[in-house]
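Only one structure is covered here, and it is reproduced in the block below.
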Amino acid sequence: MHNKNLKNIFWWFIISVGIVILYLPLLANLIFSFHQRQFISYTLECCTFQWWKGALADPLFISTIFNSILLGLLSSFFAILIGLGMGFFLYRIPAVRNRLLFFLFIPAITPPLLAAFIFLLTQNFMQINPSLLYVMFAHVAVFSPIVVILLLNKFLTLNPDLESASKNLGASTFQSFRSIFVPLLFTEIVGTFLIVLLMSWNEFTIVWFVGGTQKTLSVAIWTMLGSQVTPEAYAIGSFLTIISIIIAAIGLKIYRIKEIL
Amino acid sequence: MTNKRIGRNPYFPYSLPFLLWQALVFVIPLFFLIVISFWEIREYRLIPVFTFQNYSELLSAWQFYLVIGRSLFFSFMVALSTIIFGAAIAYGLVFFVKSKVRSLILALIIISFLSNNILRAFGWQIIFAGSILFSPVAMIVGYISQLLPISVVIFSWRLANIDRDLIQAAANLGGSEKIRFLKIILPLSSSYFLASFAITFYLSLFDPIIATVVGGGKIYTFSLFVMDMLKIDNWPIAASASVIVMLITLIPLFVFWKYVARKETYA
């Protein structure tokens, strides 16, 4: 009994260290957004809300958050649109699924720098103007495989007799797709939508390379922190972090992630 | 399945938008990378010729080997420590934590992955300032905090799906926990070790953010070299360096995947 307790303590220690490593830097950002002086000295002088007030009224913040929201919504929408169809196809054809699933991971795990470089080259070769529209195309390409993997997992939990039942009643493939599968997986689709929305918001390298003069919040934060580290930049960053955590929690909850893991 | 039959398949049209999008936006552009690696740059302009000059220039410079060697070693250390730490967390979560608490912790880990990488890097800058900032250890910690969720998710997904009857059977036959781990759990997750190793290795190899913010550019890695070449608009060199690194790293991985890891999978 004693031995078992000791073991539990050991594993809990490992897990806690992991959580601390993941959240400590985000917490550091939040704490230093209340720093009193404009220049960061890395010893906290507590506390003022003036940077938060300044951050939320900053014109750069207001213009980029609008860009971020629009880009995220559009990328996520199109990624879901094409990823849902692909997920349905792979769900129905297991032979293809087993062979193709490995390749599906390639766009999803391509390092952002390499992907951004590829998109930059394309932009130049094809004479496409740098804009968030092109970033949207790129984001859909990079994030739609994640949609496929997330939704395929949920398709596989459905009863396989559902479709044959609807076919027996005379429904076409599209009718059963639209009236059975999409409604059954609706909450999971919304959850996936939120997850991809966040990935698009927090993606930085591609927007930086091919977005041209149009910036998103991530790029604005990079520009601010890269030139002059101020508590205001930490405040904007912490704002983004808090919103991200809330949306991620909602997304994972309604996606029902705990049924998979 | 032949092409003709798949063309007539009623489910095939559902995959078309996805496949077309990937082909146009991602796969064809991937070839541009290879094409431009053979181009030349003269007086700040790209010249579409076919020359091996970029490759020979890179491969004849000893500094390039130094950068590549350093980066490969560094990413190897990052990937190794990330997967060992991630596997330990997943093992603890799956076998020692109640399922309700486990899914909560996993959600926390995934949520942190969905937050902003740049902010995490600058957060480490605050924490390490005055102590170990701009050192290799700081960089490794920075990378681990970015990549840990990937390996935790991969391993806990695998461990949760290992057939419990196998483990129970081994226990009934008198296998200790150590034996069960070495003879059942480890072999059954070997290809997952490879997958998470490869993903973390690549992502750290090509990541300029931590190398700039936490490493301060002091440890000159491959990703910083690519960034510098992009800054001076020397795309052909950046492309050929990327192609070389991909070849160096993909071939052993592929061989390993094909001949070692797959044989041991249980599926």
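Identifiers in the structure tokens: chain A, B, ... in order shown; residue index from 1 per chain; ligand index from 1 in order shown.
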Interface residues on chain A facing chain B, 6 Å, only C-alpha atoms, written as number ranges by chain: A: 11, 15, 21-22, 25-26, 28-29, 82, 85-86, 89, 111, 122, 141, 202, 241, 244, 248, 258, 261
Residues within 8 Å of stretch 146-149 of chain A, only C-alpha atoms, excluding chain neighbours under 6 positions, as a VMD selection string: chain A and resid 79 to 80 83 to 84 86 to 87 105 108 192 196
Could you write out that same residue set with N, CA and C atoms as a compact mmCIF listing (two decimals), in the first residue's frame?
```
# COMPACT_ATOMS: atom_id res chain seq x y z
N ALA A 79 -11.93 25.00 -44.22
CA ALA A 79 -11.25 23.77 -43.79
C ALA A 79 -12.28 22.71 -43.39
N ILE A 80 -13.33 23.15 -42.68
CA ILE A 80 -14.39 22.22 -42.28
C ILE A 80 -15.12 21.72 -43.53
N GLY A 83 -12.77 19.37 -45.36
CA GLY A 83 -12.33 18.28 -44.50
C GLY A 83 -13.45 17.31 -44.14
N LEU A 84 -14.66 17.85 -44.01
CA LEU A 84 -15.81 17.00 -43.68
C LEU A 84 -16.07 16.00 -44.79
N MET A 86 -13.92 14.89 -47.03
CA MET A 86 -12.82 13.92 -47.06
C MET A 86 -12.96 12.91 -45.92
N GLY A 87 -13.37 13.39 -44.75
CA GLY A 87 -13.57 12.49 -43.62
C GLY A 87 -14.64 11.46 -43.92
N PHE A 105 -1.07 13.31 -42.96
CA PHE A 105 -0.37 14.01 -41.90
C PHE A 105 0.66 14.98 -42.44
N ALA A 108 -0.07 18.64 -42.33
CA ALA A 108 -0.32 19.04 -40.95
C ALA A 108 0.96 19.14 -40.14
N THR A 192 -14.66 21.23 -33.70
CA THR A 192 -13.52 21.25 -34.62
C THR A 192 -13.33 22.64 -35.21
N VAL A 196 -9.85 24.77 -35.03
CA VAL A 196 -9.12 25.26 -36.21
C VAL A 196 -9.06 26.79 -36.20
```
Residue nearest A:Phe155 - candidates A:Phe186, A:Phe103, A:Tyr91, A:Phe119, atoms counted: only C-alpha atoms: A:Tyr91
Nearby residues (only C-alpha atoms) at most 6 Å from A:Gly211, same-chain spacing under 5 positions excluded, as a PyMOL selection string: chain A and resi 130-132
Emit the selected residues as a compact mmCIF listing (two decimals), in the first residue's frame, including N, CA and C atoms.
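Result went into out-v3.txt, see below:
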```
# COMPACT_ATOMS: atom_id res chain seq x y z
N PRO A 130 0.45 39.85 -52.09
CA PRO A 130 0.44 39.46 -50.68
C PRO A 130 -0.82 39.98 -50.00
N SER A 131 -1.60 39.08 -49.43
CA SER A 131 -2.80 39.52 -48.73
C SER A 131 -3.28 38.40 -47.83
N LEU A 132 -4.23 38.75 -46.97
CA LEU A 132 -4.77 37.74 -46.08
C LEU A 132 -5.64 36.73 -46.82
```
Of the listed residues A:Val219, A:Val210, A:Asp161, A:Leu121, that which approaches A:Ala233 most closely, counting only C-alpha atoms: A:Val219
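Put simply, atom CA of A:Leu185 is 11.4 Å away from atom CA of A:Leu150.
Among A:Ile65, A:His35, A:Phe193, A:Val17, the residue with the shortest atom-to-atom distance to A:Phe239, counting only C-alpha atoms, is A:Ile65.
Relative to atom CA of A:Thr216, atom CA of A:Ile243 is found at 15.1 Å.
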Residue nearest A:Met199 - candidates A:Ser218, A:Gln175, A:Gln123, A:Asn5, atoms counted: only C-alpha atoms: A:Ser218
Residues of stretch 9-48 of chain B in helix (DSSP H, G or I), written as a PyMOL selection string: chain B and resi 12-36
Would you save the residues of that selection, restricted to C-alpha atoms, as an mmCIF file, in the first residue's frame?
```
data_model
loop_
_atom_site.group_PDB
_atom_site.id
_atom_site.type_symbol
_atom_site.label_atom_id
_atom_site.label_comp_id
_atom_site.auth_asym_id
_atom_site.auth_seq_id
_atom_site.Cartn_x
_atom_site.Cartn_y
_atom_site.Cartn_z
ATOM 1 C CA PHE B 12 -15.385 9.664 -54.236
ATOM 2 C CA PRO B 13 -16.799 13.149 -55.100
ATOM 3 C CA TYR B 14 -16.798 14.015 -51.370
ATOM 4 C CA SER B 15 -13.009 13.778 -51.316
ATOM 5 C CA LEU B 16 -12.509 15.922 -54.424
ATOM 6 C CA PRO B 17 -12.599 19.441 -52.905
ATOM 7 C CA PHE B 18 -10.035 18.403 -50.329
ATOM 8 C CA LEU B 19 -7.750 16.658 -52.804
ATOM 9 C CA LEU B 20 -7.913 19.528 -55.289
ATOM 10 C CA TRP B 21 -7.220 22.131 -52.623
ATOM 11 C CA GLN B 22 -4.230 20.181 -51.322
ATOM 12 C CA ALA B 23 -2.902 19.596 -54.833
ATOM 13 C CA LEU B 24 -3.175 23.225 -55.912
ATOM 14 C CA VAL B 25 -2.172 24.986 -52.733
ATOM 15 C CA PHE B 26 0.282 22.542 -51.188
ATOM 16 C CA VAL B 27 1.561 19.669 -53.337
ATOM 17 C CA ILE B 28 2.361 21.485 -56.587
ATOM 18 C CA PRO B 29 4.014 24.386 -54.693
ATOM 19 C CA LEU B 30 6.164 21.789 -52.947
ATOM 20 C CA PHE B 31 7.823 21.215 -56.323
ATOM 21 C CA PHE B 32 8.570 24.926 -56.640
ATOM 22 C CA LEU B 33 10.897 24.458 -53.695
ATOM 23 C CA ILE B 34 12.850 21.824 -55.587
ATOM 24 C CA VAL B 35 12.780 23.832 -58.824
ATOM 25 C CA ILE B 36 14.050 27.023 -57.254
#
```
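Closest approach to A:Glu232 from the set A:Ala116, A:Lys253, A:Asn98, A:Ala220 is made by A:Ala220, with distances taken over only C-alpha atoms.
Picture a line from atom CA of A:Gly191 to atom CA of A:Thr205; it runs 24.6 Å.
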